[in-house]
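Peer 1: Structure supplied as start-v8.cif; contents: mmCIF, C-alpha atoms and all ligand atoms.
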```
data_query
loop_
_atom_site.label_atom_id
_atom_site.label_comp_id
_atom_site.auth_asym_id
_atom_site.auth_seq_id
_atom_site.Cartn_x
_atom_site.Cartn_y
_atom_site.Cartn_z
CA MET A 1 59.26 155.80 -65.53
CA ARG A 2 59.19 154.50 -69.02
CA ASP A 3 57.24 151.37 -69.52
CA TYR A 4 58.78 149.11 -72.12
CA SER A 5 55.87 146.89 -73.00
CA ARG A 6 56.27 144.05 -75.38
CA SER A 7 54.44 143.95 -78.66
CA ARG A 8 54.96 140.96 -80.93
CA HIS A 9 56.82 143.13 -83.40
CA GLY A 10 58.94 145.09 -81.09
CA TYR A 11 59.29 147.93 -78.77
CA LEU A 12 56.74 150.18 -77.22
CA CYS A 13 57.87 153.02 -75.03
CA GLN A 14 55.67 155.23 -72.90
CA THR A 15 57.21 158.13 -71.04
CA ASN A 16 56.08 160.00 -68.00
CA GLU A 17 57.72 163.39 -68.00
CA GLY A 18 61.05 164.06 -66.44
CA ILE A 19 62.42 160.62 -65.65
CA SER A 20 64.81 159.12 -68.15
CA MET A 21 65.39 155.42 -68.73
CA THR A 22 69.02 155.17 -69.54
CA ILE A 23 70.54 151.98 -70.92
CA ALA A 24 74.30 151.83 -70.29
CA ILE A 25 76.47 149.57 -72.43
CA PHE A 26 79.92 148.32 -71.41
CA GLY A 27 81.77 147.40 -74.60
CA ALA A 28 79.79 149.91 -76.66
CA THR A 29 82.89 150.72 -78.72
CA GLY A 30 83.30 147.11 -79.87
CA GLN A 31 81.67 145.32 -82.79
CA LEU A 32 78.81 143.71 -80.86
CA GLY A 33 78.26 146.89 -78.85
CA SER A 34 78.02 149.10 -81.90
CA LEU A 35 75.54 146.73 -83.58
CA THR A 36 73.49 146.64 -80.36
CA ILE A 37 73.30 150.43 -80.37
CA ASP A 38 72.13 150.30 -84.00
CA SER A 39 69.40 147.83 -83.00
CA LEU A 40 68.33 149.91 -80.00
CA LEU A 41 68.01 153.00 -82.21
CA THR A 42 66.08 151.02 -84.84
CA ARG A 43 63.72 149.85 -82.11
CA GLY A 44 62.97 153.46 -81.21
CA VAL A 45 65.18 154.06 -78.20
CA ALA A 46 66.23 157.72 -78.13
CA ALA A 47 69.97 158.17 -78.69
CA GLY A 48 70.11 160.30 -75.55
CA ASP A 49 68.77 157.36 -73.51
CA ILE A 50 71.85 155.29 -74.39
CA LEU A 51 75.09 155.66 -72.44
CA ALA A 52 78.05 154.19 -74.35
CA LEU A 53 81.02 153.08 -72.23
CA GLY A 54 84.42 152.08 -73.55
CA ARG A 55 88.05 153.10 -73.91
CA ASN A 56 88.37 153.97 -77.58
CA GLN A 57 87.99 157.76 -77.78
CA ASP A 58 87.49 157.88 -81.57
CA ARG A 59 84.63 155.37 -81.48
CA LEU A 60 83.07 157.14 -78.49
CA ALA A 61 83.26 160.42 -80.43
CA ARG A 62 81.53 158.83 -83.45
CA LEU A 63 78.72 157.58 -81.19
CA GLY A 64 78.51 161.03 -79.61
CA GLU A 65 77.96 162.53 -83.07
CA ARG A 66 74.84 160.35 -83.33
CA GLY A 67 73.47 161.79 -80.08
CA VAL A 68 74.45 158.85 -77.90
CA ARG A 69 75.78 159.82 -74.45
CA THR A 70 79.34 158.62 -73.93
CA THR A 71 81.81 158.20 -71.09
CA ALA A 72 85.36 156.91 -71.42
CA ILE A 73 86.04 154.18 -68.87
CA ASP A 74 88.70 151.52 -68.37
CA LEU A 75 87.67 148.36 -66.56
CA ASP A 76 91.30 147.97 -65.48
CA ASP A 77 91.00 151.20 -63.50
CA ALA A 78 87.98 151.20 -61.17
CA SER A 79 88.35 154.92 -60.48
CA THR A 80 87.25 155.69 -64.06
CA LEU A 81 83.81 154.25 -63.21
CA ASP A 82 83.07 156.46 -60.22
CA GLY A 83 79.48 157.72 -60.49
CA VAL A 84 79.22 156.61 -64.10
CA LEU A 85 76.00 154.62 -63.65
CA GLY A 86 74.09 157.27 -61.70
CA GLY A 87 70.50 157.37 -62.97
CA VAL A 88 71.00 154.30 -65.15
CA GLU A 89 68.15 151.79 -65.10
CA ARG A 90 69.51 148.99 -67.33
CA VAL A 91 73.02 147.83 -68.06
CA LEU A 92 74.38 145.64 -70.83
CA LEU A 93 77.74 144.19 -69.81
CA ILE A 94 79.42 142.90 -72.97
CA SER A 95 82.16 140.54 -71.87
CA ALA A 96 85.60 142.11 -72.13
CA SER A 97 87.90 140.99 -74.88
CA GLU A 98 91.00 139.52 -73.24
CA PRO A 99 90.46 135.95 -72.00
CA GLY A 100 92.30 135.39 -68.73
CA LYS A 101 91.93 139.04 -67.67
CA ARG A 102 88.18 139.29 -67.63
CA MET A 103 87.25 138.39 -64.02
CA PRO A 104 88.58 141.52 -62.30
CA GLN A 105 87.25 143.64 -65.18
CA HIS A 106 83.76 142.17 -64.95
CA GLU A 107 83.83 142.37 -61.17
CA VAL A 108 84.48 146.12 -61.34
CA ALA A 109 81.49 146.60 -63.65
CA ILE A 110 79.18 144.43 -61.51
CA ASN A 111 80.19 146.23 -58.30
CA VAL A 112 79.51 149.62 -59.87
CA ALA A 113 76.13 148.42 -61.16
CA ALA A 114 75.19 147.06 -57.73
CA ALA A 115 76.27 150.27 -55.97
CA ALA A 116 74.21 152.33 -58.43
CA GLY A 117 71.14 150.17 -57.78
CA VAL A 118 70.51 149.41 -61.47
CA GLY A 119 67.27 147.52 -62.06
CA HIS A 120 68.45 145.05 -64.69
CA LEU A 121 71.88 143.75 -65.70
CA VAL A 122 72.20 141.88 -69.00
CA TYR A 123 75.44 139.95 -69.53
CA THR A 124 76.77 138.41 -72.75
CA SER A 125 77.93 134.98 -71.61
CA ALA A 126 78.91 131.80 -73.47
CA LEU A 127 76.71 129.01 -74.79
CA GLN A 128 75.76 126.64 -71.93
CA ALA A 129 78.24 128.45 -69.68
CA PRO A 130 77.27 126.65 -66.44
CA THR A 131 77.99 123.18 -67.85
CA THR A 132 80.06 123.42 -71.03
CA THR A 133 83.64 122.21 -71.42
CA LEU A 134 84.39 124.96 -73.96
CA PRO A 135 87.79 126.31 -72.85
CA LEU A 136 86.70 129.97 -73.10
CA ALA A 137 83.61 129.57 -70.91
CA ALA A 138 85.06 129.33 -67.39
CA GLU A 139 85.24 133.11 -66.99
CA HIS A 140 81.66 133.44 -68.23
CA LYS A 141 80.40 130.88 -65.70
CA ALA A 142 82.30 132.66 -62.92
CA THR A 143 80.89 136.02 -64.06
CA GLU A 144 77.35 134.67 -63.98
CA GLU A 145 78.03 133.52 -60.41
CA LEU A 146 79.30 136.98 -59.45
CA ILE A 147 76.20 138.58 -60.94
CA ALA A 148 73.91 136.15 -59.11
CA ALA A 149 75.70 136.94 -55.83
CA SER A 150 75.29 140.69 -56.46
CA GLY A 151 71.50 140.36 -56.23
CA ILE A 152 70.94 142.55 -59.33
CA PRO A 153 68.02 141.23 -61.42
CA ALA A 154 69.86 139.75 -64.38
CA THR A 155 69.62 138.08 -67.76
CA TYR A 156 72.35 135.92 -69.24
CA LEU A 157 72.65 136.01 -73.02
CA ARG A 158 74.68 132.85 -73.54
CA ASN A 159 75.94 133.69 -77.00
CA GLY A 160 77.08 130.93 -79.33
CA TRP A 161 79.69 131.36 -82.04
CA TYR A 162 79.83 134.36 -84.33
CA THR A 163 79.83 133.36 -88.00
CA GLU A 164 82.41 136.14 -88.43
CA ASN A 165 84.91 133.99 -86.48
CA HIS A 166 85.24 132.03 -89.73
CA ARG A 167 86.06 134.93 -92.03
CA SER A 168 89.67 133.74 -92.17
CA ASP A 169 88.53 130.21 -93.15
CA PHE A 170 86.58 131.76 -96.02
CA ASP A 171 89.61 133.83 -97.08
CA THR A 172 91.76 130.68 -96.95
CA ALA A 173 89.20 128.87 -99.10
CA ARG A 174 89.34 131.68 -101.63
CA GLU A 175 93.13 131.76 -101.70
CA HIS A 176 94.04 128.07 -101.44
CA GLY A 177 90.85 126.08 -102.10
CA VAL A 178 91.36 124.02 -98.96
CA ILE A 179 90.43 124.44 -95.28
CA SER A 180 92.13 122.16 -92.78
CA ASN A 181 91.70 121.84 -89.02
CA SER A 182 90.95 119.29 -86.31
CA VAL A 183 87.27 120.15 -85.81
CA GLY A 184 86.37 117.13 -88.01
CA ALA A 185 82.63 116.42 -87.92
CA GLY A 186 81.97 118.85 -85.05
CA ARG A 187 79.02 121.09 -85.82
CA ILE A 188 78.77 124.84 -85.20
CA ALA A 189 75.44 126.63 -84.85
CA SER A 190 76.82 130.05 -85.68
CA ALA A 191 74.98 133.30 -86.29
CA PRO A 192 76.36 136.69 -87.27
CA ARG A 193 77.00 139.31 -84.58
CA GLY A 194 74.03 141.34 -85.83
CA ASP A 195 71.60 138.61 -84.72
CA TYR A 196 73.06 138.48 -81.19
CA ALA A 197 73.01 142.29 -81.07
CA GLU A 198 69.34 142.34 -81.98
CA ALA A 199 68.61 139.82 -79.22
CA ALA A 200 70.39 142.06 -76.72
CA ALA A 201 68.32 145.04 -77.88
CA VAL A 202 65.10 143.03 -77.51
CA VAL A 203 66.00 141.97 -73.97
CA LEU A 204 66.92 145.54 -73.02
CA THR A 205 63.67 147.02 -74.31
CA THR A 206 60.97 144.47 -73.50
CA PRO A 207 59.83 143.16 -70.11
CA GLY A 208 60.01 139.71 -68.58
CA HIS A 209 63.64 138.70 -69.06
CA GLU A 210 64.94 139.07 -65.50
CA GLY A 211 66.09 135.81 -63.93
CA LYS A 212 66.50 134.10 -67.31
CA GLY A 213 69.42 132.61 -69.23
CA TYR A 214 69.01 132.29 -73.00
CA GLU A 215 71.08 129.80 -74.98
CA LEU A 216 71.54 131.75 -78.21
CA SER A 217 72.72 130.15 -81.44
CA GLY A 218 72.04 129.95 -85.15
CA ASP A 219 69.05 127.98 -86.41
CA ALA A 220 71.25 125.52 -88.32
CA ALA A 221 74.48 123.85 -87.26
CA TRP A 222 77.08 123.20 -89.97
CA ASP A 223 80.27 121.16 -90.10
CA PHE A 224 83.40 122.07 -92.03
CA ALA A 225 82.59 119.82 -94.98
CA GLU A 226 79.37 121.82 -95.34
CA PHE A 227 81.23 125.09 -94.78
CA ALA A 228 83.62 124.16 -97.61
CA ALA A 229 80.72 123.20 -99.91
CA THR A 230 78.99 126.51 -99.11
CA ALA A 231 82.19 128.47 -99.74
CA GLU A 232 82.60 126.62 -103.08
CA ARG A 233 79.06 127.62 -104.12
CA VAL A 234 79.62 131.22 -103.10
CA LEU A 235 83.08 131.56 -104.63
CA GLY A 236 82.43 129.48 -107.72
CA THR A 237 85.83 127.80 -107.32
CA PRO A 238 86.67 124.36 -105.85
CA VAL A 239 86.99 124.21 -102.06
CA ARG A 240 87.60 121.08 -100.02
CA TYR A 241 87.82 120.34 -96.31
CA GLU A 242 90.77 118.39 -94.97
CA PRO A 243 90.25 117.04 -91.43
CA LEU A 244 93.43 116.84 -89.33
CA SER A 245 94.21 114.96 -86.13
CA SER A 246 95.11 117.16 -83.15
CA GLU A 247 98.76 116.19 -83.63
CA GLN A 248 98.71 117.07 -87.34
CA GLU A 249 97.10 120.41 -86.52
CA ARG A 250 99.70 121.09 -83.83
CA GLU A 251 102.47 120.51 -86.40
CA GLN A 252 100.74 122.66 -88.99
CA LEU A 253 100.29 125.58 -86.59
CA ARG A 254 103.88 125.33 -85.39
CA GLY A 255 104.88 125.42 -89.06
CA PHE A 256 102.97 128.71 -89.39
CA GLY A 257 105.23 130.09 -86.62
CA LEU A 258 102.61 130.21 -83.83
CA ASP A 259 103.90 130.05 -80.26
CA ASP A 260 103.21 127.01 -78.08
CA ALA A 261 100.53 128.74 -75.98
CA THR A 262 98.54 129.77 -79.06
CA VAL A 263 98.93 126.34 -80.65
CA GLY A 264 97.72 124.68 -77.43
CA PHE A 265 94.76 127.04 -77.22
CA VAL A 266 93.63 126.49 -80.83
CA VAL A 267 94.03 122.71 -80.70
CA GLY A 268 92.18 122.54 -77.37
CA LEU A 269 89.39 124.76 -78.65
CA ASN A 270 88.98 122.68 -81.80
CA ALA A 271 88.90 119.44 -79.76
CA SER A 272 86.09 120.94 -77.72
CA ILE A 273 84.18 122.05 -80.83
CA ALA A 274 84.68 118.56 -82.29
CA GLU A 275 82.83 117.22 -79.23
CA GLY A 276 79.84 119.41 -80.06
CA THR A 277 80.17 122.27 -77.57
CA LEU A 278 78.95 124.81 -80.16
CA SER A 279 76.31 122.67 -81.85
CA LEU A 280 73.19 123.48 -79.82
CA THR A 281 70.19 124.55 -81.92
CA ASN A 282 67.24 125.36 -79.68
CA GLY A 283 65.65 128.28 -81.55
CA ASP A 284 66.03 130.75 -78.64
CA LEU A 285 67.83 133.34 -80.78
CA ALA A 286 65.27 133.26 -83.59
CA SER A 287 62.48 133.36 -81.06
CA LEU A 288 63.90 136.46 -79.33
CA ILE A 289 64.52 138.37 -82.56
CA GLY A 290 61.24 137.24 -84.13
CA ARG A 291 62.79 135.94 -87.39
CA PRO A 292 65.15 133.17 -88.55
CA THR A 293 68.84 133.73 -87.88
CA VAL A 294 70.96 134.74 -90.88
CA PRO A 295 72.14 131.52 -92.61
CA LEU A 296 75.83 130.74 -93.15
CA GLU A 297 75.55 131.13 -96.93
CA GLU A 298 74.11 134.64 -96.66
CA THR A 299 76.98 135.76 -94.45
CA LEU A 300 79.57 134.18 -96.77
CA ARG A 301 77.97 135.96 -99.75
CA SER A 302 78.35 139.28 -97.91
CA TRP A 303 82.13 138.66 -97.85
CA VAL A 304 82.59 138.24 -101.61
N1 LIG B 401 80.66 134.47 -79.35
C1 LIG B 401 81.78 134.58 -80.03
O1 LIG B 401 81.99 133.95 -81.09
C2 LIG B 401 82.82 135.53 -79.56
C3 LIG B 401 83.97 135.72 -80.32
C4 LIG B 401 84.89 136.64 -79.88
C5 LIG B 401 84.67 137.33 -78.69
N2 LIG B 401 83.55 137.11 -77.98
C6 LIG B 401 83.25 137.84 -76.73
O2 LIG B 401 82.23 138.78 -77.04
C7 LIG B 401 82.67 140.10 -76.71
C8 LIG B 401 82.12 141.09 -77.72
O3 LIG B 401 82.58 140.73 -79.01
P1 LIG B 401 83.06 141.85 -80.01
O4 LIG B 401 83.26 141.18 -81.30
O5 LIG B 401 82.20 143.05 -79.92
O6 LIG B 401 84.50 142.24 -79.38
P2 LIG B 401 85.34 143.57 -79.66
O7 LIG B 401 84.95 144.21 -80.93
O8 LIG B 401 86.76 143.21 -79.45
O9 LIG B 401 84.88 144.55 -78.46
C9 LIG B 401 85.34 144.36 -77.15
C10 LIG B 401 84.83 145.53 -76.30
O10 LIG B 401 85.33 145.35 -74.97
C11 LIG B 401 85.84 146.62 -74.53
N3 LIG B 401 86.90 146.44 -73.55
C12 LIG B 401 87.88 145.52 -73.56
N4 LIG B 401 88.70 145.73 -72.51
C13 LIG B 401 88.20 146.81 -71.84
C14 LIG B 401 88.62 147.53 -70.69
N5 LIG B 401 89.72 147.20 -69.99
N6 LIG B 401 87.88 148.59 -70.29
C15 LIG B 401 86.78 148.97 -70.98
N7 LIG B 401 86.34 148.34 -72.08
C16 LIG B 401 87.06 147.28 -72.51
C17 LIG B 401 86.40 147.24 -75.81
O11 LIG B 401 86.56 148.62 -75.58
P3 LIG B 401 87.59 149.53 -76.47
O12 LIG B 401 87.49 149.03 -77.89
O13 LIG B 401 87.05 150.90 -76.31
O14 LIG B 401 88.93 149.31 -75.90
C18 LIG B 401 85.30 146.90 -76.80
O15 LIG B 401 84.24 147.82 -76.67
C19 LIG B 401 84.20 140.00 -76.69
O16 LIG B 401 84.74 141.02 -75.87
C20 LIG B 401 84.41 138.61 -76.16
O17 LIG B 401 84.30 138.57 -74.74
C21 LIG B 401 82.62 136.24 -78.39
#
```
Transcribe the structure of this file into structure tokens.
Ligand SMILES: NC(=O)c1ccc[n+]([C@@H]2O[C@H](COP(=O)([O-])OP(=O)(O)OC[C@H]3O[C@@H](n4cnc5c(N)ncnc54)[C@H](OP(=O)(O)O)[C@@H]3O)[C@@H](O)[C@H]2O)c1
Peer 2:
Amino acid sequence: MRDYSRSRHGYLCQTNEGISMTIAIFGATGQLGSLTIDSLLTRGVAAGDILALGRNQDRLARLGERGVRTTAIDLDDASTLDGVLGGVERVLLISASEPGKRMPQHEVAINVAAAAGVGHLVYTSALQAPTTTLPLAAEHKATEELIAASGIPATYLRNGWYTENHRSDFDTAREHGVISNSVGAGRIASAPRGDYAEAAAVVLTTPGHEGKGYELSGDAAWDFAEFAATAERVLGTPVRYEPLSSEQEREQLRGFGLDDATVGFVVGLNASIAEGTLSLTNGDLASLIGRPTVPLEETLRSWV
């Protein structure tokens, strides 16, 4: 067995001959998955000890070129997972990408992990999933419950908002000099995907995380007035924030040609954010990765 012992600065791996310690990643072909693989490699995990799982053949092939083991799977087709986790010790289940369809997909992955007897299942959940009113979180809460019922030793990485979710706001600021929505004074403790990926790599390569749920978020929470001021500094052109009521936002989005379901989703999400569902700053993310999270301004500067 390999013994992943924690040092303050990272990862220590001791190997007894012959037994591998494979880390399998569902969602390895996605953005968070690929950054997590980068972090695992940086922390000294051998590429051959990583098993990348996903549908996208091109991205799997690119990972294969780096020495990562790959298997094409589709969580909508359980037969593609037969035997896939044999010999795997740890699994990262990155939540699947289509809200509303995720429960059966996650259930397939959890069942396969339980049948394979994996020693540790790490799941990327949503901030405060057990209690939040965030519209997207119900499937995460239900997935955590499925994992708990499976009996697999588990860790929940309750990821807050990606700063990258606001790339389009930054582009709008650049183009029009105004950002408008119904979030109002709601604050968002965002961090870029790379920070969450690093946290996942830490949890997968150091001991003592089983049975824990981490509420992960950026060190500082910002509101849209501050986002606009930051964008103005970064762009060097005037940017202002225009708060809208939910009804004004509904009209605006309809005017953009969005269908009723999408309009309802966005307005509901923004109402929830306005209530503070993404504002938690507890330092868990910085503490796991051993450094401050990347500030909003630094991410915006990387987009110029
Ligand atoms: N915290 C946030 O702000 C935030 C924002 C957006 C999303 N999320 C959640 O975080 C997850 C990771 O984010 P991301 O940016 O990395 O998303 P992403 O780039 O869209 O990656 C999603 C991953 O899920 C895989 N996947 C989806 N359906 C699948 C299926 N039926 N079978 C097998 N694999 C499937 C994709 O595989 P292929 O590409 O190979 O098809 C891909 O690897 C998302 O899936 C979503 O649940 C969080």
Peer 1: Taking all atoms listed in the file into account, report as a PyMOL selection string which residues have an atom no farther than 9 Å from an atom of ligand LIG 401 (chain B).
Peer 2: chain A and resi 26-35+53-60+72-77+94-99+101-102+105+124-127+140+158-165+190-193+196
Peer 1: At what distance in Å, to one decimal, does atom CA of Ile152 of chain A lie from atom CA of Leu288 of chain A?
Peer 2: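 That distance, rounded to one decimal, is 22.1 Å.
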Peer 1: Restricting the calculation to all atoms listed in the file, which member of A:Trp303, A:Trp222, A:Tyr123, A:Phe265 is positioned closest to Pro135 of chain A?
Peer 2: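 Among the listed residues, A:Phe265 lies closest to Pro135 of chain A.
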Peer 1: I'd like the interatomic distance between atom CA of Thr132 of chain A and atom CA of Thr277 of chain A, to a tenth of an Å.
Peer 2: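 Computing it gives 6.6 Å between the two atoms.
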Peer 1: So which residues touch Arg187 of chain A within 6 Å, counting all atoms listed in the file, skipping near sequence neighbours fewer than 5 positions away, as an MDAnalysis selection string?
Peer 2: chainID A and resid 221:223 279
Peer 1: Would you compute the distance between atom CA of Asn282 of chain A and atom CA of Glu215 of chain A? Give it in Å to one decimal.
Peer 2: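 Atom CA of Glu215 of chain A lies at a distance of 7.5 Å from atom CA of Asn282 of chain A.
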Peer 1: Taking all atoms listed in the file into account, name the residue in A:Ile23, A:Leu296, A:Arg250, A:Glu210 that is nearest to Ala52 of chain A.
Peer 2: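 That would be A:Ile23, the residue with the smallest distance to Ala52 of chain A.
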Peer 1: Between A:Leu216, A:Thr293, A:Glu232, A:Leu134, which is the closest to Val267 of chain A once you count all atoms listed in the file?
Peer 2: A:Leu134
Peer 1: Which residue, A:Thr281, A:Ser245, A:Thr205, A:Thr80, has the smallest gap to Ile188 of chain A when you use all atoms listed in the file?
Peer 2: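 That would be A:Thr281, the residue with the smallest distance to Ile188 of chain A.
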Peer 1: Of the residues A:Met103, A:Val91, A:Leu244, A:Ala173, which is the one nearest to Leu204 of chain A, using only C-alpha atoms?
Peer 2: A:Val91
Peer 1: Tell me which of A:Gly276, A:Glu298, A:Gly48, A:Thr262 sits closest to Leu63 of chain A, counting all atoms listed in the file.
Peer 2: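 Selected residue with least distance to Leu63 of chain A: A:Gly48.
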